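**Student:** The structure file input-v4.txt (compact mmCIF, C-alpha atoms) is provided below.
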# COMPACT_ATOMS: atom_id res chain seq x y z
CA MET A 1060 27.52 16.96 32.17
CA ASN A 1061 27.96 15.04 35.42
CA SER A 1062 29.68 11.68 35.67
CA ILE A 1063 26.46 9.60 35.63
CA SER A 1064 25.37 11.26 32.38
CA GLN A 1065 28.82 10.69 30.94
CA MET A 1066 28.73 7.04 31.87
CA LEU A 1067 25.23 6.58 30.35
CA ALA A 1068 26.17 8.46 27.19
CA SER A 1069 29.14 6.21 26.52
CA SER A 1070 27.41 2.98 27.57
CA ALA A 1071 26.90 0.29 24.93
CA TYR A 1072 23.77 -1.04 26.66
CA PHE A 1073 22.02 1.96 28.18
CA GLY A 1074 20.12 2.89 24.98
CA VAL A 1075 18.92 -0.67 24.51
CA PHE A 1076 18.01 -0.93 28.18
CA ILE A 1077 15.93 2.26 28.39
CA SER A 1078 14.20 1.51 25.05
CA LEU A 1079 13.08 -2.01 25.98
CA GLY A 1080 12.44 -1.08 29.62
CA ALA A 1081 10.22 1.92 28.85
CA TYR A 1082 8.33 -0.04 26.20
CA LEU A 1083 7.66 -3.05 28.42
CA LEU A 1084 6.56 -0.76 31.23
CA MET A 1085 4.09 1.09 29.00
CA THR A 1086 2.76 -2.18 27.53
CA ALA A 1087 2.01 -3.35 31.07
CA VAL A 1088 0.29 -0.03 31.88
CA GLN A 1089 -1.76 -0.25 28.66
CA LYS A 1090 -2.78 -3.83 29.50
CA LYS A 1091 -3.98 -2.75 32.92
CA PHE A 1092 -6.00 0.33 31.89
CA LYS A 1093 -6.87 -0.56 28.28
CA SER A 1094 -7.20 3.03 27.09
CA PRO A 1095 -6.30 3.88 23.47
CA PHE A 1096 -4.76 7.10 24.85
CA LEU A 1097 -2.04 4.95 26.42
CA ALA A 1098 -0.55 3.83 23.05
CA PRO A 1099 2.71 2.27 24.39
CA LEU A 1100 4.99 3.54 21.62
CA LEU A 1101 3.90 7.17 22.10
CA TRP A 1102 4.52 7.10 25.87
CA THR A 1103 7.80 5.23 25.44
CA LEU A 1104 9.03 8.11 23.29
CA ILE A 1105 7.87 10.68 25.84
CA ILE A 1106 9.66 8.83 28.66
CA ILE A 1107 12.93 8.39 26.74
CA ILE A 1108 13.07 11.92 25.31
CA SER A 1109 12.28 13.46 28.73
CA PHE A 1110 14.93 11.34 30.42
CA LEU A 1111 17.63 12.14 27.84
CA MET A 1112 16.86 15.86 28.04
CA VAL A 1113 16.88 15.94 31.84
CA MET A 1114 20.20 14.04 31.95
CA GLY A 1115 21.69 16.11 29.13
CA ILE A 1116 22.40 13.07 26.94
CA SER A 1117 22.36 13.70 23.17
CA PHE A 1118 20.28 11.68 20.70
CA GLU A 1119 23.50 10.55 18.98
CA ASP A 1120 24.89 9.08 22.22
CA TYR A 1121 21.58 7.29 22.86
CA ALA A 1122 21.41 6.06 19.25
CA GLN A 1123 24.89 4.50 19.18
CA SER A 1124 23.44 1.93 21.59
CA ALA A 1125 19.71 1.86 20.69
CA SER A 1126 20.27 1.57 16.92
CA LYS A 1127 21.17 -2.07 17.52
CA ILE A 1128 17.43 -2.67 17.99
CA SER A 1129 16.21 -0.68 14.98
CA PHE A 1130 18.70 -2.57 12.82
CA PHE A 1131 15.96 -5.24 12.65
CA LEU A 1132 13.29 -2.86 11.28
CA THR A 1133 13.72 -3.87 7.63
CA PRO A 1134 13.88 -7.66 8.20
CA ALA A 1135 10.83 -7.39 10.48
CA THR A 1136 8.86 -5.38 7.92
CA ILE A 1137 9.65 -7.98 5.26
CA CYS A 1138 7.87 -10.52 7.49
CA TYR A 1139 4.56 -8.78 6.64
CA ALA A 1140 4.70 -10.87 3.46
CA LEU A 1141 3.58 -13.82 5.60
CA PRO A 1142 0.11 -12.52 6.68
CA LEU A 1143 -0.37 -11.29 3.11
CA TYR A 1144 0.37 -14.81 1.83
CA ARG A 1145 -1.97 -16.36 4.42
CA GLN A 1146 -4.85 -14.14 3.30
CA PHE A 1147 -4.24 -14.47 -0.40
CA ASN A 1148 -7.65 -16.12 -1.02
CA VAL A 1149 -9.53 -13.17 0.48
CA LEU A 1150 -7.42 -10.85 -1.63
CA LYS A 1151 -8.19 -12.79 -4.82
CA LYS A 1152 -11.93 -12.92 -4.16
CA ASN A 1153 -12.39 -9.17 -3.59
CA PHE A 1154 -9.46 -8.05 -5.71
CA LEU A 1155 -11.05 -5.09 -7.52
CA ALA A 1156 -12.81 -3.64 -4.47
CA ILE A 1157 -9.62 -3.96 -2.42
CA ILE A 1158 -7.22 -2.50 -4.94
CA LEU A 1159 -9.44 0.37 -6.11
CA GLY A 1160 -10.81 1.14 -2.64
CA VAL A 1161 -7.40 1.18 -0.99
CA THR A 1162 -5.81 3.13 -3.89
CA ALA A 1163 -8.55 5.78 -3.71
CA GLY A 1164 -8.08 6.01 0.05
CA CYS A 1165 -4.29 6.37 -0.24
CA ILE A 1166 -4.51 9.09 -2.89
CA GLY A 1167 -7.27 10.86 -0.95
CA HIS A 1168 -5.11 10.72 2.15
CA PHE A 1169 -2.11 12.13 0.31
CA VAL A 1170 -4.14 15.06 -1.08
CA VAL A 1171 -5.94 15.91 2.18
CA ALA A 1172 -2.82 15.49 4.37
CA ALA A 1173 -0.64 17.64 2.11
CA GLY A 1174 -3.47 20.11 1.41
CA THR A 1175 -4.45 20.78 5.03
CA ALA A 1176 -0.83 20.83 6.20
CA ILE A 1177 0.12 23.42 3.56
CA MET A 1178 -3.02 25.50 4.28
CA LEU A 1179 -2.20 25.48 8.00
CA GLY A 1180 1.19 26.94 7.13
CA LEU A 1181 3.37 23.98 8.12
CA ASP A 1182 6.94 23.68 6.82
CA LYS A 1183 7.86 21.41 3.95
CA SER A 1184 9.64 18.87 6.18
CA ILE A 1185 6.52 18.58 8.38
CA VAL A 1186 4.25 18.19 5.33
CA CYS A 1187 6.53 15.39 4.11
CA SER A 1188 6.42 13.75 7.53
CA LEU A 1189 2.61 13.69 7.53
CA ILE A 1190 2.10 12.32 4.00
CA PRO A 1191 2.96 8.67 4.87
CA LYS A 1192 1.28 8.77 8.29
CA SER A 1193 -1.80 6.60 7.56
CA ILE A 1194 0.26 3.45 7.02
CA THR A 1195 1.99 1.09 9.39
CA THR A 1196 5.03 2.68 11.08
CA ALA A 1197 7.50 0.21 9.58
CA ILE A 1198 6.80 1.34 6.03
CA ALA A 1199 5.91 4.94 6.93
CA LEU A 1200 9.42 5.50 8.33
CA GLY A 1201 10.99 4.24 5.10
CA VAL A 1202 8.78 6.57 3.02
CA THR A 1203 9.50 9.56 5.28
CA GLU A 1204 13.20 8.99 4.85
CA GLU A 1205 12.82 8.81 1.05
CA ILE A 1206 10.99 12.19 0.76
CA GLY A 1207 12.89 14.05 3.47
CA GLY A 1208 10.45 14.06 6.40
CA ILE A 1209 11.22 13.80 10.12
CA ALA A 1210 10.74 10.32 11.59
CA GLY A 1211 9.50 11.55 14.97
CA ILE A 1212 6.71 13.67 13.42
CA THR A 1213 5.68 10.73 11.24
CA VAL A 1214 5.38 8.63 14.39
CA ILE A 1215 3.15 11.29 16.00
CA GLY A 1216 1.02 11.28 12.84
CA VAL A 1217 0.85 7.48 12.79
CA CYS A 1218 -0.32 7.55 16.43
CA VAL A 1219 -3.04 10.13 15.65
CA ALA A 1220 -4.19 8.02 12.68
CA GLY A 1221 -4.40 4.88 14.82
CA LEU A 1222 -6.06 6.56 17.81
CA THR A 1223 -8.65 8.32 15.61
CA GLY A 1224 -9.59 4.99 14.05
CA ASN A 1225 -9.54 3.12 17.32
CA MET A 1226 -11.81 5.61 19.10
CA PHE A 1227 -14.19 7.05 16.49
CA PHE A 1228 -14.59 5.04 13.30
CA LYS A 1229 -16.95 2.33 14.51
CA ILE A 1230 -19.25 5.06 15.80
CA MET A 1231 -18.90 6.85 12.47
CA TYR A 1232 -19.85 3.69 10.49
CA LYS A 1233 -23.01 3.40 12.55
CA ALA A 1234 -23.90 7.07 12.12
CA LEU A 1235 -23.27 7.08 8.35
CA LYS A 1236 -24.81 3.60 7.82
CA ILE A 1237 -21.66 2.07 6.34
CA LYS A 1238 -22.65 -1.55 6.91
CA ASN A 1239 -20.56 -3.65 4.51
CA PRO A 1240 -18.04 -5.51 6.74
CA VAL A 1241 -15.44 -5.77 3.95
CA ALA A 1242 -15.62 -2.01 3.36
CA GLN A 1243 -15.37 -1.30 7.10
CA GLY A 1244 -12.26 -3.44 7.45
CA LEU A 1245 -10.57 -2.07 4.33
CA ALA A 1246 -11.25 1.54 5.33
CA MET A 1247 -9.94 0.98 8.85
CA GLY A 1248 -6.73 -0.72 7.66
CA THR A 1249 -6.10 1.96 5.03
CA SER A 1250 -6.57 4.96 7.31
CA SER A 1251 -5.64 3.70 10.77
CA HIS A 1252 -3.35 0.64 10.38
CA ALA A 1253 -3.10 -1.99 13.15
CA LEU A 1254 -4.17 0.26 16.02
CA GLY A 1255 -7.50 1.10 14.36
CA THR A 1256 -7.99 -2.46 13.09
CA SER A 1257 -7.57 -3.82 16.62
CA SER A 1258 -10.85 -2.10 17.63
CA PHE A 1259 -12.82 -4.81 15.80
CA ASP A 1260 -14.07 -7.71 17.91
CA PRO A 1261 -12.24 -10.96 16.96
CA LYS A 1262 -15.40 -12.99 17.69
CA THR A 1263 -18.11 -11.04 15.88
CA GLU A 1264 -16.12 -8.99 13.37
CA GLU A 1265 -13.74 -11.54 11.90
CA VAL A 1266 -14.24 -10.30 8.31
CA GLN A 1267 -13.38 -6.72 9.32
CA LEU A 1268 -10.21 -7.94 11.05
CA ALA A 1269 -9.03 -10.01 8.08
CA MET A 1270 -9.74 -7.21 5.60
CA GLY A 1271 -8.14 -4.68 7.94
CA SER A 1272 -4.86 -6.55 8.17
CA LEU A 1273 -4.87 -7.10 4.43
CA ALA A 1274 -5.46 -3.37 3.83
CA ILE A 1275 -2.56 -2.51 6.17
CA VAL A 1276 -0.12 -4.33 3.90
CA VAL A 1277 -1.73 -3.26 0.60
CA ALA A 1278 -1.99 0.42 1.66
CA GLY A 1279 1.58 0.31 2.97
CA ILE A 1280 2.96 -1.01 -0.29
CA LEU A 1281 0.81 1.30 -2.45
CA THR A 1282 1.79 4.37 -0.43
CA ALA A 1283 5.46 3.42 -0.50
CA VAL A 1284 5.34 3.07 -4.28
CA LEU A 1285 2.95 5.96 -5.08
CA VAL A 1286 4.21 8.68 -2.74
CA PRO A 1287 7.79 8.94 -4.06
CA CYS A 1288 6.30 9.02 -7.60
CA ILE A 1289 3.63 11.76 -7.01
CA TYR A 1290 5.83 13.67 -4.57
CA PRO A 1291 7.76 15.69 -7.21
CA ILE A 1292 4.43 17.25 -8.36
CA LEU A 1293 3.74 18.37 -4.82
CA GLU A 1294 7.27 19.67 -4.42
CA SER A 1295 6.80 21.99 -7.39
CA PHE A 1296 3.83 23.57 -5.53
CA MET A 1297 5.80 24.12 -2.34
CA GLY A 1298 8.82 25.57 -4.13
CA MET B 1186 19.05 -24.24 15.13
CA LYS B 1187 15.48 -24.00 13.77
CA TYR B 1188 15.25 -20.31 14.71
CA LEU B 1189 18.72 -19.57 13.39
CA LYS B 1190 17.75 -21.04 10.01
CA GLN B 1191 14.55 -19.00 9.92
CA LEU B 1192 16.46 -15.84 10.80
CA MET B 1193 19.01 -16.67 8.11
CA ILE B 1194 16.25 -16.90 5.45
CA ILE B 1195 14.74 -13.56 6.54
CA MET B 1196 18.19 -11.93 6.56
CA SER B 1197 18.97 -13.33 3.09
CA VAL B 1198 15.79 -11.75 1.70
CA SER B 1199 16.74 -8.48 3.47
CA PHE B 1200 20.16 -8.55 1.84
CA LEU B 1201 18.60 -9.28 -1.55
CA ALA B 1202 16.14 -6.40 -1.04
CA GLU B 1203 19.01 -4.04 -0.20
CA THR B 1204 20.82 -5.16 -3.34
CA ILE B 1205 17.70 -4.53 -5.48
CA LYS B 1206 17.35 -1.05 -3.96
CA TYR B 1207 21.00 -0.37 -4.77
CA ILE B 1208 20.53 -1.39 -8.42
CA LEU B 1209 17.12 0.18 -9.16
CA PRO B 1210 16.86 3.99 -9.32
CA PHE B 1211 13.43 4.36 -7.57
CA PRO B 1212 13.10 6.08 -4.16
CA ILE B 1213 11.26 3.07 -2.68
CA PRO B 1214 12.27 1.68 0.74
CA ALA B 1215 14.17 -1.63 0.64
CA SER B 1216 11.53 -3.22 2.88
CA ILE B 1217 8.96 -2.98 0.07
CA TYR B 1218 11.23 -4.88 -2.33
CA GLY B 1219 11.74 -7.35 0.50
CA ILE B 1220 7.99 -7.90 1.00
CA ALA B 1221 7.60 -8.47 -2.75
CA VAL B 1222 10.51 -10.95 -2.89
CA MET B 1223 9.35 -12.80 0.22
CA PHE B 1224 5.75 -12.94 -1.06
CA LEU B 1225 6.84 -14.31 -4.44
CA CYS B 1226 9.06 -16.93 -2.74
CA LEU B 1227 6.11 -18.02 -0.57
CA MET B 1228 3.72 -18.19 -3.56
CA THR B 1229 6.14 -20.21 -5.68
CA GLY B 1230 7.07 -22.47 -2.77
CA ILE B 1231 10.78 -21.55 -2.85
CA ILE B 1232 10.26 -20.65 0.81
CA LYS B 1233 7.67 -22.64 2.78
CA GLU B 1234 5.54 -20.95 5.42
CA GLU B 1235 6.93 -23.13 8.23
CA GLN B 1236 10.51 -22.27 7.24
CA ILE B 1237 10.03 -18.68 8.49
CA ALA B 1238 6.76 -18.67 10.47
CA ASP B 1239 8.11 -18.79 14.06
CA VAL B 1240 10.62 -15.99 13.67
CA ALA B 1241 8.38 -13.95 11.30
CA ASP B 1242 5.36 -14.05 13.63
CA TYR B 1243 7.62 -13.15 16.55
CA MET B 1244 9.15 -10.19 14.69
CA ILE B 1245 5.68 -8.91 13.75
CA ALA B 1246 4.52 -9.26 17.35
CA ILE B 1247 7.39 -7.16 18.73
CA MET B 1248 7.41 -4.73 15.76
CA PRO B 1249 6.91 -1.51 17.80
CA ILE B 1250 10.31 -1.80 19.52
CA PHE B 1251 12.08 -1.37 16.18
CA PHE B 1252 10.52 2.11 15.81
CA ILE B 1253 11.72 3.47 19.14
CA GLU B 1254 15.19 4.65 18.19
CA PRO B 1255 14.29 6.31 14.83
CA SER B 1256 11.38 8.07 16.58
CA VAL B 1257 13.41 9.39 19.50
CA ALA B 1258 15.28 11.36 16.79
CA LEU B 1259 12.30 13.73 17.12
CA MET B 1260 14.16 15.32 20.05
CA ASN B 1261 16.59 16.85 17.57
CA SER B 1262 13.75 18.63 15.74
CA LEU B 1263 11.61 19.76 18.67
CA GLY B 1264 12.38 23.37 17.76
CA LEU B 1265 10.74 22.81 14.39
CA VAL B 1266 7.53 21.49 15.98
CA ARG B 1267 7.24 24.15 18.68
CA GLY B 1268 4.05 26.21 18.28
CA LYS B 1269 2.76 23.93 15.52
CA VAL B 1270 1.48 20.99 17.53
CA LEU B 1271 -2.21 21.86 17.04
CA GLN B 1272 -1.81 22.31 13.28
CA ILE B 1273 0.00 18.95 13.01
CA LEU B 1274 -2.69 17.18 15.04
CA LEU B 1275 -5.49 18.77 12.99
CA ALA B 1276 -3.92 17.87 9.63
CA ALA B 1277 -3.32 14.32 10.87
CA PHE B 1278 -6.90 13.94 12.12
CA LEU B 1279 -8.63 15.33 9.01
CA SER B 1280 -6.55 13.25 6.59
CA THR B 1281 -7.29 10.08 8.60
CA VAL B 1282 -11.04 10.67 8.39
CA ALA B 1283 -10.75 11.43 4.65
CA ALA B 1284 -8.77 8.24 3.91
CA ASN B 1285 -11.29 6.16 5.85
CA LEU B 1286 -14.43 7.58 4.22
CA ILE B 1287 -13.01 7.46 0.69
CA THR B 1288 -11.90 3.82 1.05
CA ALA B 1289 -15.23 2.78 2.62
CA ILE B 1290 -17.33 4.52 -0.05
CA VAL B 1291 -15.29 3.41 -3.08
CA SER B 1292 -14.99 -0.23 -1.99
CA SER B 1293 -18.68 -0.56 -1.04
CA LEU B 1294 -19.74 0.97 -4.38
CA ILE B 1295 -17.59 -1.53 -6.29
CA MET B 1296 -18.90 -4.48 -4.27
CA LYS B 1297 -22.50 -3.30 -4.78
CA LYS B 1298 -21.92 -3.10 -8.53
CA GLY B 1299 -20.23 -6.52 -8.56
CA ASN B 1300 -23.18 -8.12 -6.76
CA LYS B 1301 -25.68 -6.65 -9.26
CA ASP B 1302 -23.69 -7.97 -12.21
CA GLU B 1303 -23.71 -11.52 -10.89
Can you present the structure in this file as structure tokens?
**Tutor:**
Amino acid sequence: MNSISQMLASSAYFGVFISLGAYLLMTAVQKKFKSPFLAPLLWTLIIIISFLMVMGISFEDYAQSASKISFFLTPATICYALPLYRQFNVLKKNFLAIILGVTAGCIGHFVVAAGTAIMLGLDKSIVCSLIPKSITTAIALGVTEEIGGIAGITVIGVCVAGLTGNMFFKIMYKALKIKNPVAQGLAMGTSSHALGTSSFDPKTEEVQLAMGSLAIVVAGILTAVLVPCIYPILESFMG
Amino acid sequence: MKYLKQLMIIMSVSFLAETIKYILPFPIPASIYGIAVMFLCLMTGIIKEEQIADVADYMIAIMPIFFIEPSVALMNSLGLVRGKVLQILLAAFLSTVAANLITAIVSSLIMKKGNKDE
């Protein structure tokens, strides 16, 4: 390890600096080119991991600085109660369709994610990392931690979920004649969180957007409560 | 001072959520208890929307930065992922499509039934 690496590894601010810097850079790039393939979080991770590996800095040295940012993850997630409160009337009006639709989607996701991952011969820790991947990263990371998954793989899964929704689902609704705007929004929020939901047009697809953001919170809470409860059954299959 | 007060309220709920997680035996993340507590406080008027709105909306807007550090931890398990990237991507893609179709079909069926009953 050369002296620059040593300095960066022991720095109190370097981790914070590279995290915020890489993220802001990628947000600017995304804004310019507007491609869903440029998901800022994904590229931020690629930049930081590449840099740390090239410089020979360990994750632990990076984290002693950067963990000051992620300290705010739980308080920030709790703030999702506010949009939920603001949309309470929509929730009340379509209560049954929302709860049953989102629950069915969450359970279906759990079964298909675990099923395909096991069939493809993936390890238990990877299977666990993929199970919470349809929901918003804030809650998904908490669930992954509870069932012993790997945060980084969950983030990859969350990105795939968002990108798939963002790029393909509106085309799919047209092809399969799924026309109900409430159903479109709920499905998008349940399977592809904020990234998928953001593909709706705020001017012409307001209902889809509102239902999408509602489904993000409902699916997140349902998954966080259901997964740790059904998980032991799955564990007995994997041995 | 306004922002400090809002942050203080959010931090108090976080601390309460952590305490609930410590007491209850379920493997549920503290943030879920926090959302429930915050939602109940908003519904009952114990906390008013404008008492947290500025800081809460700001935190939600910058949410992705809080995931960076836990995700960079992936670099410690790259060996585990090596040679399995395609399988991971495929499982992630298929389960996303499944979750979407199931939610769309179930919720539109229920709404169709509800409209007929009316």
**Student:** For range 1227-1230 of chain A, work out the shell of residues within 12 Å, counting only C-alpha atoms and skipping chain neighbours fewer than 6 positions away, then give it as an NGL selection string.
**Tutor:** (:A and (1095 or 1219-1221 or 1236-1238 or 1240 or 1243-1244 or 1246-1248 or 1250-1251 or 1254-1260 or 1264 or 1267)) or (:B and (1278 or 1281-1286 or 1289))
**Student:** Could you give me, as a tab-separated table, a per-residue list for chain A showing, wherever an atom lies at most 6 Å from an atom of chain B, the closest pair of atoms and their distance in Å to one decimal, using only C-alpha atoms and sorting by chain then residue number from low to high?
**Tutor:**
residue	atom	partner	partner_atom	distance
A:Leu1104	CA	B:Val1257	CA	5.9
A:Ala1125	CA	B:Glu1254	CA	5.9
A:Ile1128	CA	B:Phe1251	CA	5.8
A:Ser1129	CA	B:Phe1251	CA	4.4
A:Leu1132	CA	B:Phe1251	CA	5.3
A:Thr1133	CA	B:Ser1216	CA	5.3
A:Pro1134	CA	B:Ser1199	CA	5.6
A:Ala1135	CA	B:Met1244	CA	5.3
A:Ile1137	CA	B:Ile1220	CA	4.6
A:Cys1138	CA	B:Ala1241	CA	5.2
A:Ala1140	CA	B:Ile1220	CA	5.1
A:Ala1156	CA	B:Ser1292	CA	4.7
A:Gly1160	CA	B:Ser1292	CA	4.4
A:Val1161	CA	B:Thr1288	CA	5.6
A:Gly1164	CA	B:Ala1284	CA	4.5
A:Gly1167	CA	B:Ala1284	CA	5.7
A:His1168	CA	B:Ala1284	CA	4.8
A:Val1171	CA	B:Ser1280	CA	5.2
A:Ala1172	CA	B:Ser1280	CA	4.9
A:Thr1175	CA	B:Ala1276	CA	5.5
A:Ala1176	CA	B:Ala1276	CA	5.5
A:Gly1201	CA	B:Pro1214	CA	5.2
A:Glu1205	CA	B:Pro1212	CA	5.9
A:Ala1210	CA	B:Ser1256	CA	5.5
A:Gly1211	CA	B:Leu1259	CA	4.1
A:Gly1216	CA	B:Ala1277	CA	5.7
A:Ala1220	CA	B:Thr1281	CA	5.5
A:Ala1242	CA	B:Ala1289	CA	4.9
A:Ala1246	CA	B:Asn1285	CA	4.6
A:Ser1250	CA	B:Asn1285	CA	5.1
**Student:** Taking C-alpha atoms for each residue, export the selection above as a PDB file, in the coordinates of the input.
**Tutor:**
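File produced: result_6.pdb:
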ATOM      1  CA  LEU A1104       9.030   8.110  23.290  1.00  0.00           C
ATOM      2  CA  ALA A1125      19.710   1.860  20.690  1.00  0.00           C
ATOM      3  CA  ILE A1128      17.430  -2.670  17.990  1.00  0.00           C
ATOM      4  CA  SER A1129      16.210  -0.680  14.980  1.00  0.00           C
ATOM      5  CA  LEU A1132      13.290  -2.860  11.280  1.00  0.00           C
ATOM      6  CA  THR A1133      13.720  -3.870   7.630  1.00  0.00           C
ATOM      7  CA  PRO A1134      13.880  -7.660   8.200  1.00  0.00           C
ATOM      8  CA  ALA A1135      10.830  -7.390  10.480  1.00  0.00           C
ATOM      9  CA  ILE A1137       9.650  -7.980   5.260  1.00  0.00           C
ATOM     10  CA  CYS A1138       7.870 -10.520   7.490  1.00  0.00           C
ATOM     11  CA  ALA A1140       4.700 -10.870   3.460  1.00  0.00           C
ATOM     12  CA  ALA A1156     -12.810  -3.640  -4.470  1.00  0.00           C
ATOM     13  CA  GLY A1160     -10.810   1.140  -2.640  1.00  0.00           C
ATOM     14  CA  VAL A1161      -7.400   1.180  -0.990  1.00  0.00           C
ATOM     15  CA  GLY A1164      -8.080   6.010   0.050  1.00  0.00           C
ATOM     16  CA  GLY A1167      -7.270  10.860  -0.950  1.00  0.00           C
ATOM     17  CA  HIS A1168      -5.110  10.720   2.150  1.00  0.00           C
ATOM     18  CA  VAL A1171      -5.940  15.910   2.180  1.00  0.00           C
ATOM     19  CA  ALA A1172      -2.820  15.490   4.370  1.00  0.00           C
ATOM     20  CA  THR A1175      -4.450  20.780   5.030  1.00  0.00           C
ATOM     21  CA  ALA A1176      -0.830  20.830   6.200  1.00  0.00           C
ATOM     22  CA  GLY A1201      10.990   4.240   5.100  1.00  0.00           C
ATOM     23  CA  GLU A1205      12.820   8.810   1.050  1.00  0.00           C
ATOM     24  CA  ALA A1210      10.740  10.320  11.590  1.00  0.00           C
ATOM     25  CA  GLY A1211       9.500  11.550  14.970  1.00  0.00           C
ATOM     26  CA  GLY A1216       1.020  11.280  12.840  1.00  0.00           C
ATOM     27  CA  ALA A1220      -4.190   8.020  12.680  1.00  0.00           C
ATOM     28  CA  ALA A1242     -15.620  -2.010   3.360  1.00  0.00           C
ATOM     29  CA  ALA A1246     -11.250   1.540   5.330  1.00  0.00           C
ATOM     30  CA  SER A1250      -6.570   4.960   7.310  1.00  0.00           C
TER      31      SER A1250
END
**Student:** Just the number, please: distance in Å from CA of Ile1105 in chain A to CA of Ala1253 in chain A, one decimal.
**Tutor:**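 Interatomic distance here is 21.0 Å.
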**Student:** Using all atoms listed in the file, what residues lie at most 8 Å away from (2.0, 8.0, 11.6) (file coordinates), given as number ranges by chain?
**Tutor:** A: 1189, 1191-1196, 1199, 1212-1221
**Student:** How would the residues just picked look written out with C-alpha atoms as an mmCIF file, keeping the file's coordinate frame?
**Tutor:**
data_model
loop_
_atom_site.group_PDB
_atom_site.id
_atom_site.type_symbol
_atom_site.label_atom_id
_atom_site.label_comp_id
_atom_site.auth_asym_id
_atom_site.auth_seq_id
_atom_site.Cartn_x
_atom_site.Cartn_y
_atom_site.Cartn_z
ATOM 1 C CA LEU A 1189 2.610 13.690 7.530
ATOM 2 C CA PRO A 1191 2.960 8.670 4.870
ATOM 3 C CA LYS A 1192 1.280 8.770 8.290
ATOM 4 C CA SER A 1193 -1.800 6.600 7.560
ATOM 5 C CA ILE A 1194 0.260 3.450 7.020
ATOM 6 C CA THR A 1195 1.990 1.090 9.390
ATOM 7 C CA THR A 1196 5.030 2.680 11.080
ATOM 8 C CA ALA A 1199 5.910 4.940 6.930
ATOM 9 C CA ILE A 1212 6.710 13.670 13.420
ATOM 10 C CA THR A 1213 5.680 10.730 11.240
ATOM 11 C CA VAL A 1214 5.380 8.630 14.390
ATOM 12 C CA ILE A 1215 3.150 11.290 16.000
ATOM 13 C CA GLY A 1216 1.020 11.280 12.840
ATOM 14 C CA VAL A 1217 0.850 7.480 12.790
ATOM 15 C CA CYS A 1218 -0.320 7.550 16.430
ATOM 16 C CA VAL A 1219 -3.040 10.130 15.650
ATOM 17 C CA ALA A 1220 -4.190 8.020 12.680
ATOM 18 C CA GLY A 1221 -4.400 4.880 14.820
#
**Student:** What does the structure give for the distance between CA of Phe1130 in chain A and CA of Phe1076 in chain A, in Å to one decimal?
**Tutor:**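 These atoms are spaced 15.5 Å apart.
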**Student:** In Å to one decimal, how far is CA of Met1085 in chain A from CA of Ala1278 in chain A?
**Tutor:**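 CA of Ala1278 in chain A sits 28.0 Å away from CA of Met1085 in chain A.
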**Student:** Considering only C-alpha atoms, state which residue in the set A:Ile1077, A:Pro1261, A:Ile1063, A:Leu1084 is at the smallest distance from Ser1109 in chain A.
**Tutor:**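 Closest residue, counting only C-alpha atoms: A:Ile1077.
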